[in-house]
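So the structure is just underneath, and the comments pick up after that.
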Amino acid sequence: MCGIVGYVGPQPALPILVEGLRRLEYRGYDSAGVAVRTDDAIWVQKAVGRVSSLAAKTRLGPAGCIGIAHTRWATHGGVTEANAHPHLDERARIAVVHNGIIENMSELKRELEQQGVVFKSETDTEIFAHLIRSVYDGDPLQAVSYAVKRVRGTYGIAVMFQEHPEQLFVARNGSPLVIGLGDGETVVASDPQAVVEHTRRVVYLKDRELAILTRDGVQVHSFDGRSLDSSIEMLEADYKVADKEGFPHFMLKEIHEQPRSIQRCQLGRIQVEDGNARLGGMELQPRDLVGIQRVIMLGCGTSYHAGMVGSMAIEALARVPSRAEIASEFRHRHPIVPREALFVAISQSGETLDTLGAIQEVQLKGGDCVGVVNVVGSTIARTCGRGTYLYSGPEVAVASTKAFTSQITALLTFTLMLARTRDLSYDKGQEVAQSLHDIPAKVAHYLERPGPIDEAVEAIVDARYVLFLGRGFSYPVALEGALKLKEIAYVPCEAYPAGEMKHGPIAMLEEGTPVIVIVPRDSQREKAISNIKEVQARGAKVIAIHTEGDELVQSIADISIEVPACAEYVSPLITVLPLQLIAYKAGLALGRDIDKPRNLAKSVTVE
Ligand code: M6R
């Protein structure tokens, strides 16, 4: 949440910073701001709303060659220009941008106010500017070190001093910062997306590290002042700036990328001939796999839903007890961490603070946690130390789509490995591997002819309430469909396990209430058909997502959307597709901002 960019080099900083903000806008987009050093003063411009509003206001800005910028997702204080970053000290000679939260804000603010400081914003960030000023005597490193040691919380910051025209100062404790080392220029950002156009040589700042950036490079220090070696890494050759590639929105592009992204996730991992799979990064040999007595998934939002599918598959195929946990609940309830359990942390961004907190809780209690992560080199990937990458490529739309199907693919691949060390026979292993292998073609087949999505959208856009129902493997799909519809279209809805509906939510049904039932041809189908009958008896309008050629479901549904046939455990990879499209088209019909829905941000780095 929130995006930081900084630049020092030979070129005018302003256009580089604004372009960097565009690349990071997915991280937060309620306001934006930029600060550029000029010979006389720090020039600041801010705008409420999107980066495009800031861009319009900065066309005639100064040509200074050092600056910092920020795109905000509000935590402390409303969405106003005064609260937008950068924030300045009282003499306007120090500028700060910040991603994260200062937990001891009240105490520090009181202390600074007692010293006579008058705050200009409601943000916690402003504290950094005043704290730095309170001890600054010409030594910027010492002043920034003092501030980071006084602050409790998570943050990434970038600081610029009017008196130090060749240096930027950055520090990290929990919020990501990547430093790009170009040819005579240095760029810092919350994400390599804002760096890759300048250079592929990067240094990932670690927690409790502080760095001085100059156009010639970077010097890294610990918070207690020790000089540290920085390891330079190369961004992967195929890593590039995300592009809509002709689609009107990133979300639609990412939905249509799924045949390729699922295939990339399987590449070199699924071995149909051997009826087995390999995930080298997990560093789990057969004897380690045999020792695993339970598997506990940790994740938030869509990643949690993927974890639910994964744990169902593990119980069904490997017969190992498994469950999925919402990371934000798990981490705060003093959880039991069984020795013989394997924890699997699932995250697209690799930055979700609650998931990170849950991993740290597991590790603190001596538990073993692997990561299933999309963003290479992200905090969660590094904290877990081992696991598997999804290789989905950058997911830019706030609504997660391709990451969900790749997460499930990775978890099913792991399930196959685990199951083959147990009771799953070679033949059955081949069957599972083949089912996974066939999925990309089935996804492509469905996306070519998605069925009456528009009709379904028409039925739900004006509804006061939409109910999603599913059983077994289709229940997490129902949850995911409802999450997508809420976040993209803001249509009131909820998802229920179909069998649980009669214990309450059935009271919500009225004549014409749309009920989306995920009812593929699987072991739960007959019971789900009974649920269709029950809701229809109360006047509901049923939109059924079912297997091609299922004439019975087709005949009873009011709107019938067919998906290709597949094995039960891979069905979420197919049945979620129409739900992604329904949410997308409903958002479109309602005039929503598809890629940047209100109040949300792509990576949630606050609690
Ligand atoms: O980056 P993560 O996978 O850890 O993010 C978790 C959730 O914040 C995320 O899945 C969120 O629910 C999505 N916006 C859903 O589309």
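In the structure tokens, the first chain shown is A, the next is B, and so on; residue numbers restart at 1 for each chain, and ligands run from 1 in the order shown.
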Give me the chain A side of the contact with ligand 1, cut-off 6 Å, one line per residue showing its nearest atom pair and distance in Å at one decimal, counting only C-alpha atoms and all ligand atoms, sorted by chain and residue number, as CSV.
```
residue,atom,partner,partner_atom_place_in_ligand_line,distance
A:Cys300,CA,ligand 1,6 (C),4.5
A:Gly301,CA,ligand 1,12 (O),3.3
A:Thr302,CA,ligand 1,10 (O),3.7
A:Ser303,CA,ligand 1,3 (O),4.8
A:Ser347,CA,ligand 1,3 (O),3.5
A:Gln348,CA,ligand 1,3 (O),3.6
A:Ser349,CA,ligand 1,1 (O),3.6
A:Gly350,CA,ligand 1,1 (O),5.6
A:Thr352,CA,ligand 1,4 (O),4.5
A:Val398,CA,ligand 1,14 (N),5.0
A:Ala399,CA,ligand 1,16 (O),3.4
A:Ser400,CA,ligand 1,16 (O),3.8
A:Lys484,CA,ligand 1,16 (O),6.0
A:Lys602,CA,ligand 1,14 (N),6.0
A:Ser603,CA,ligand 1,1 (O),5.3
A:Val604,CA,ligand 1,8 (O),5.6
```
Next, dump the selected residues to file, keeping only C-alpha atoms, as a PDB file, in the first residue's frame.
```
ATOM      1  CA  CYS A 300      -5.621 -13.540   2.798  1.00  0.00           C
ATOM      2  CA  GLY A 301      -8.423 -12.814   0.327  1.00  0.00           C
ATOM      3  CA  THR A 302      -8.018 -14.661  -2.930  1.00  0.00           C
ATOM      4  CA  SER A 303      -4.861 -16.369  -1.707  1.00  0.00           C
ATOM      5  CA  SER A 347       0.630 -14.607  -1.571  1.00  0.00           C
ATOM      6  CA  GLN A 348       0.594 -13.006  -4.982  1.00  0.00           C
ATOM      7  CA  SER A 349       2.406  -9.829  -3.952  1.00  0.00           C
ATOM      8  CA  GLY A 350       4.627 -11.428  -1.353  1.00  0.00           C
ATOM      9  CA  THR A 352       0.796  -8.824   2.574  1.00  0.00           C
ATOM     10  CA  VAL A 398      -6.307  -5.045  -7.995  1.00  0.00           C
ATOM     11  CA  ALA A 399      -8.680  -7.988  -8.459  1.00  0.00           C
ATOM     12  CA  SER A 400      -6.582 -11.109  -8.469  1.00  0.00           C
ATOM     13  CA  LYS A 484     -14.620 -10.477  -7.171  1.00  0.00           C
ATOM     14  CA  LYS A 602      -3.058  -4.221  -4.688  1.00  0.00           C
ATOM     15  CA  SER A 603      -0.680  -5.093  -1.921  1.00  0.00           C
ATOM     16  CA  VAL A 604      -1.951  -4.731   1.601  1.00  0.00           C
TER      17      VAL A 604
END
```
What are the closest atom pairs, with distances in Å to one decimal, for all residues of region 566-606 of chain A lying within 10 Å of region 68-80 of chain A? Consider only C-alpha atoms, order rows by chain and residue number, and present the result as CSV.
```
residue,atom,partner,partner_atom,distance
A:Asn599,CA,A:Trp73,CA,7.9
A:Leu600,CA,A:Trp73,CA,7.9
A:Ala601,CA,A:Trp73,CA,7.0
A:Val604,CA,A:Trp73,CA,9.7
A:Val606,CA,A:Thr75,CA,8.5
```
(request) Enumerate, as a ChimeraX atom specification, the complete set of residues in region 421-517 of chain A that a backbone-based DSSP assignment places in helix (DSSP H, G or I). (result) /A:426-448,453-460,474-489,498-503,505-508
(request) Write out as a ChimeraX atom specification the residues lying within 7 Å of region 225-233 of chain A, counting only C-alpha atoms and excluding same-chain residues fewer than 2 positions away. (result) /A:201-203,220-223,235
(request) Considering only C-alpha atoms, return as a list in words whatever protein or nucleic-acid residues lie within 8 Å of region 280-290 of chain A, sequence-local ones (same chain, fewer than 6 positions apart) excluded. (result) Val370, Arg386, Gly387, Thr388, Leu418, Thr421 and Arg422 of chain A
Written file, previous selection with all heavy atoms, as a PDB file, in the first residue's frame:
```pdb
ATOM      1  N   VAL A 370       6.831 -22.825   4.037  1.00  0.00           N
ATOM      2  CA  VAL A 370       7.289 -22.576   2.665  1.00  0.00           C
ATOM      3  C   VAL A 370       6.361 -21.540   2.031  1.00  0.00           C
ATOM      4  O   VAL A 370       5.220 -21.374   2.458  1.00  0.00           O
ATOM      5  CB  VAL A 370       7.303 -23.876   1.815  1.00  0.00           C
ATOM      6  CG1 VAL A 370       8.311 -24.868   2.341  1.00  0.00           C
ATOM      7  CG2 VAL A 370       5.909 -24.497   1.726  1.00  0.00           C
ATOM      8  N   ARG A 386      12.295 -20.676   1.285  1.00  0.00           N
ATOM      9  CA  ARG A 386      12.105 -21.723   0.282  1.00  0.00           C
ATOM     10  C   ARG A 386      10.626 -21.823  -0.058  1.00  0.00           C
ATOM     11  O   ARG A 386       9.770 -21.339   0.696  1.00  0.00           O
ATOM     12  CB  ARG A 386      12.661 -23.060   0.742  1.00  0.00           C
ATOM     13  CG  ARG A 386      12.303 -23.454   2.140  1.00  0.00           C
ATOM     14  CD  ARG A 386      13.125 -24.670   2.537  1.00  0.00           C
ATOM     15  NE  ARG A 386      12.251 -25.829   2.648  1.00  0.00           N
ATOM     16  CZ  ARG A 386      11.533 -26.116   3.733  1.00  0.00           C
ATOM     17  NH1 ARG A 386      11.596 -25.340   4.797  1.00  0.00           N
ATOM     18  NH2 ARG A 386      10.775 -27.187   3.763  1.00  0.00           N
ATOM     19  N   GLY A 387      10.350 -22.422  -1.194  1.00  0.00           N
ATOM     20  CA  GLY A 387       8.949 -22.520  -1.626  1.00  0.00           C
ATOM     21  C   GLY A 387       8.902 -22.573  -3.135  1.00  0.00           C
ATOM     22  O   GLY A 387       9.813 -23.102  -3.772  1.00  0.00           O
ATOM     23  N   THR A 388       7.864 -22.004  -3.677  1.00  0.00           N
ATOM     24  CA  THR A 388       7.757 -22.040  -5.128  1.00  0.00           C
ATOM     25  C   THR A 388       7.211 -20.726  -5.654  1.00  0.00           C
ATOM     26  O   THR A 388       6.358 -20.107  -5.016  1.00  0.00           O
ATOM     27  CB  THR A 388       6.890 -23.250  -5.575  1.00  0.00           C
ATOM     28  OG1 THR A 388       6.993 -23.356  -6.981  1.00  0.00           O
ATOM     29  CG2 THR A 388       5.439 -23.104  -5.201  1.00  0.00           C
ATOM     30  N   LEU A 418       3.190 -34.822  -2.765  1.00  0.00           N
ATOM     31  CA  LEU A 418       2.948 -35.334  -1.419  1.00  0.00           C
ATOM     32  C   LEU A 418       2.186 -36.661  -1.492  1.00  0.00           C
ATOM     33  O   LEU A 418       2.521 -37.634  -0.805  1.00  0.00           O
ATOM     34  CB  LEU A 418       2.128 -34.287  -0.646  1.00  0.00           C
ATOM     35  CG  LEU A 418       1.841 -34.558   0.811  1.00  0.00           C
ATOM     36  CD1 LEU A 418       3.126 -34.515   1.641  1.00  0.00           C
ATOM     37  CD2 LEU A 418       0.870 -33.505   1.379  1.00  0.00           C
ATOM     38  N   THR A 421       4.056 -39.867  -2.297  1.00  0.00           N
ATOM     39  CA  THR A 421       4.844 -40.494  -1.223  1.00  0.00           C
ATOM     40  C   THR A 421       3.919 -41.269  -0.275  1.00  0.00           C
ATOM     41  O   THR A 421       4.383 -41.889   0.674  1.00  0.00           O
ATOM     42  CB  THR A 421       5.636 -39.447  -0.403  1.00  0.00           C
ATOM     43  OG1 THR A 421       4.709 -38.593   0.261  1.00  0.00           O
ATOM     44  CG2 THR A 421       6.554 -38.635  -1.288  1.00  0.00           C
ATOM     45  N   ARG A 422       2.629 -41.194  -0.522  1.00  0.00           N
ATOM     46  CA  ARG A 422       1.639 -41.897   0.333  1.00  0.00           C
ATOM     47  C   ARG A 422       0.970 -42.971  -0.504  1.00  0.00           C
ATOM     48  O   ARG A 422       1.618 -43.663  -1.258  1.00  0.00           O
ATOM     49  CB  ARG A 422       0.604 -40.902   0.849  1.00  0.00           C
ATOM     50  CG  ARG A 422       1.185 -39.598   1.334  1.00  0.00           C
ATOM     51  CD  ARG A 422       1.529 -39.655   2.778  1.00  0.00           C
ATOM     52  NE  ARG A 422       2.429 -38.582   3.149  1.00  0.00           N
ATOM     53  CZ  ARG A 422       2.462 -38.032   4.338  1.00  0.00           C
ATOM     54  NH1 ARG A 422       1.636 -38.453   5.271  1.00  0.00           N
ATOM     55  NH2 ARG A 422       3.332 -37.100   4.638  1.00  0.00           N
TER      56      ARG A 422
END
```
(message) I'd like the contact shell of Leu317 (chain A) - 7 Å cut-off, only C-alpha atoms, skipping same-chain residues fewer than 4 positions apart - returned as JSON, numbers by chain.
(response) {"A": [313, 419, 424]}
(request) Pick out the closest residue to Ala189 (chain A) from this set: A:Lys240, A:Arg23, A:Arg152, A:Arg331. Count only C-alpha atoms. (result) A:Arg23
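Nearest to Glu431 (chain A) of all the residues A:Ala324, A:Ala498, A:Leu416, A:Val491 is A:Leu416, counting only C-alpha atoms.
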(request) Name the residues in contact with Gly587 (chain A) at a cut-off of 12 Å, using only C-alpha atoms, excluding same-chain residues fewer than 2 positions from it; report them as a PyMOL selection string. (result) chain A and resi 249+251-252+399+454+457-458+460-462+484-491+580-585+589-598
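Separating CA of Ala540 (chain A) from CA of Ser560 (chain A) is a distance of 14.3 Å.
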(request) With a distance cut-off of 9 Å and only C-alpha atoms, select the neighbouring residues of Ser190 (chain A), excluding the residue or stretch itself and same-chain residues fewer than 2 positions from it, and output the selection as a VMD selection string. (result) chain A and resid 2 to 5 24 27 99 156 175 to 179 188 192 to 194
(request) Pull the strand (DSSP E) assignments for region 194-286 of chain A out of DSSP run on the backbone, and list those residues as a list in words. (result) Arg201, Val202, Val203, Tyr204, Glu209, Leu210, Ala211, Ile212, Leu213, Thr214, Gly217, Val218, Gln219, Val220, His221, Ser222, Ser227, Leu228, Glu233, Met234, Ile270, Gln271, Asn276 and Ala277 of chain A
Expected file contents, prior selection, N, CA and C atoms, as a PDB file, in the first residue's frame:
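And here is the file that came out, part-v5.pdb:
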```pdb
ATOM      1  N   ARG A 201      19.900  -3.901 -12.754  1.00  0.00           N
ATOM      2  CA  ARG A 201      20.780  -4.187 -11.598  1.00  0.00           C
ATOM      3  C   ARG A 201      20.124  -3.602 -10.355  1.00  0.00           C
ATOM      4  N   VAL A 202      19.792  -4.456  -9.428  1.00  0.00           N
ATOM      5  CA  VAL A 202      19.042  -3.960  -8.266  1.00  0.00           C
ATOM      6  C   VAL A 202      19.619  -4.470  -6.944  1.00  0.00           C
ATOM      7  N   VAL A 203      19.353  -3.686  -5.922  1.00  0.00           N
ATOM      8  CA  VAL A 203      19.648  -4.114  -4.544  1.00  0.00           C
ATOM      9  C   VAL A 203      18.316  -4.075  -3.801  1.00  0.00           C
ATOM     10  N   TYR A 204      17.927  -5.179  -3.198  1.00  0.00           N
ATOM     11  CA  TYR A 204      16.715  -5.185  -2.366  1.00  0.00           C
ATOM     12  C   TYR A 204      17.133  -4.808  -0.950  1.00  0.00           C
ATOM     13  N   GLU A 209      17.489  -1.790   7.448  1.00  0.00           N
ATOM     14  CA  GLU A 209      18.627  -1.270   6.692  1.00  0.00           C
ATOM     15  C   GLU A 209      18.298   0.142   6.208  1.00  0.00           C
ATOM     16  N   LEU A 210      19.347   0.924   6.128  1.00  0.00           N
ATOM     17  CA  LEU A 210      19.222   2.321   5.723  1.00  0.00           C
ATOM     18  C   LEU A 210      20.264   2.516   4.619  1.00  0.00           C
ATOM     19  N   ALA A 211      19.942   3.276   3.592  1.00  0.00           N
ATOM     20  CA  ALA A 211      20.910   3.399   2.493  1.00  0.00           C
ATOM     21  C   ALA A 211      21.036   4.841   2.038  1.00  0.00           C
ATOM     22  N   ILE A 212      22.240   5.176   1.595  1.00  0.00           N
ATOM     23  CA  ILE A 212      22.485   6.493   0.994  1.00  0.00           C
ATOM     24  C   ILE A 212      22.615   6.258  -0.503  1.00  0.00           C
ATOM     25  N   LEU A 213      21.785   6.947  -1.265  1.00  0.00           N
ATOM     26  CA  LEU A 213      21.823   6.792  -2.717  1.00  0.00           C
ATOM     27  C   LEU A 213      22.467   8.020  -3.333  1.00  0.00           C
ATOM     28  N   THR A 214      23.385   7.785  -4.242  1.00  0.00           N
ATOM     29  CA  THR A 214      23.947   8.872  -5.048  1.00  0.00           C
ATOM     30  C   THR A 214      23.831   8.419  -6.494  1.00  0.00           C
ATOM     31  N   GLY A 217      25.760   5.162  -7.039  1.00  0.00           N
ATOM     32  CA  GLY A 217      25.472   3.873  -6.406  1.00  0.00           C
ATOM     33  C   GLY A 217      24.841   4.007  -5.039  1.00  0.00           C
ATOM     34  N   VAL A 218      25.081   2.997  -4.221  1.00  0.00           N
ATOM     35  CA  VAL A 218      24.399   2.908  -2.936  1.00  0.00           C
ATOM     36  C   VAL A 218      25.365   2.443  -1.844  1.00  0.00           C
ATOM     37  N   GLN A 219      25.198   3.025  -0.682  1.00  0.00           N
ATOM     38  CA  GLN A 219      25.929   2.543   0.508  1.00  0.00           C
ATOM     39  C   GLN A 219      24.877   2.114   1.515  1.00  0.00           C
ATOM     40  N   VAL A 220      24.964   0.861   1.973  1.00  0.00           N
ATOM     41  CA  VAL A 220      23.935   0.364   2.894  1.00  0.00           C
ATOM     42  C   VAL A 220      24.505   0.323   4.321  1.00  0.00           C
ATOM     43  N   HIS A 221      23.667   0.695   5.272  1.00  0.00           N
ATOM     44  CA  HIS A 221      24.048   0.675   6.689  1.00  0.00           C
ATOM     45  C   HIS A 221      22.963  -0.032   7.488  1.00  0.00           C
ATOM     46  N   SER A 222      23.364  -0.554   8.628  1.00  0.00           N
ATOM     47  CA  SER A 222      22.343  -1.066   9.547  1.00  0.00           C
ATOM     48  C   SER A 222      21.798   0.123  10.331  1.00  0.00           C
ATOM     49  N   SER A 227      28.348  -0.237   8.502  1.00  0.00           N
ATOM     50  CA  SER A 227      28.313  -0.267   7.039  1.00  0.00           C
ATOM     51  C   SER A 227      28.150  -1.731   6.603  1.00  0.00           C
ATOM     52  N   LEU A 228      27.269  -1.997   5.643  1.00  0.00           N
ATOM     53  CA  LEU A 228      26.967  -3.377   5.244  1.00  0.00           C
ATOM     54  C   LEU A 228      27.286  -3.585   3.762  1.00  0.00           C
ATOM     55  N   GLU A 233      21.575  -7.799  -7.464  1.00  0.00           N
ATOM     56  CA  GLU A 233      20.900  -8.877  -8.191  1.00  0.00           C
ATOM     57  C   GLU A 233      20.452  -8.347  -9.538  1.00  0.00           C
ATOM     58  N   MET A 234      20.177  -9.253 -10.467  1.00  0.00           N
ATOM     59  CA  MET A 234      19.672  -8.849 -11.778  1.00  0.00           C
ATOM     60  C   MET A 234      18.194  -9.200 -11.853  1.00  0.00           C
ATOM     61  N   ILE A 270       5.325 -30.692 -13.758  1.00  0.00           N
ATOM     62  CA  ILE A 270       4.397 -31.822 -13.847  1.00  0.00           C
ATOM     63  C   ILE A 270       4.996 -32.876 -14.785  1.00  0.00           C
ATOM     64  N   GLN A 271       5.116 -34.097 -14.299  1.00  0.00           N
ATOM     65  CA  GLN A 271       5.687 -35.164 -15.136  1.00  0.00           C
ATOM     66  C   GLN A 271       4.628 -36.228 -15.362  1.00  0.00           C
ATOM     67  N   ASN A 276       4.061 -37.965 -11.573  1.00  0.00           N
ATOM     68  CA  ASN A 276       4.578 -37.272 -10.383  1.00  0.00           C
ATOM     69  C   ASN A 276       4.831 -35.807 -10.709  1.00  0.00           C
ATOM     70  N   ALA A 277       5.360 -35.103  -9.749  1.00  0.00           N
ATOM     71  CA  ALA A 277       5.627 -33.675  -9.938  1.00  0.00           C
ATOM     72  C   ALA A 277       6.873 -33.321  -9.144  1.00  0.00           C
TER      73      ALA A 277
END
```
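Here CA of Pro62 (chain A) stands at a distance of 18.5 Å from CA of Val187 (chain A).
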(request) Have a look at A:Val309, A:Ile556, A:Val376, A:Ala410 and name the one nearest to Gln266 (chain A); count only C-alpha atoms. (result) A:Ala410
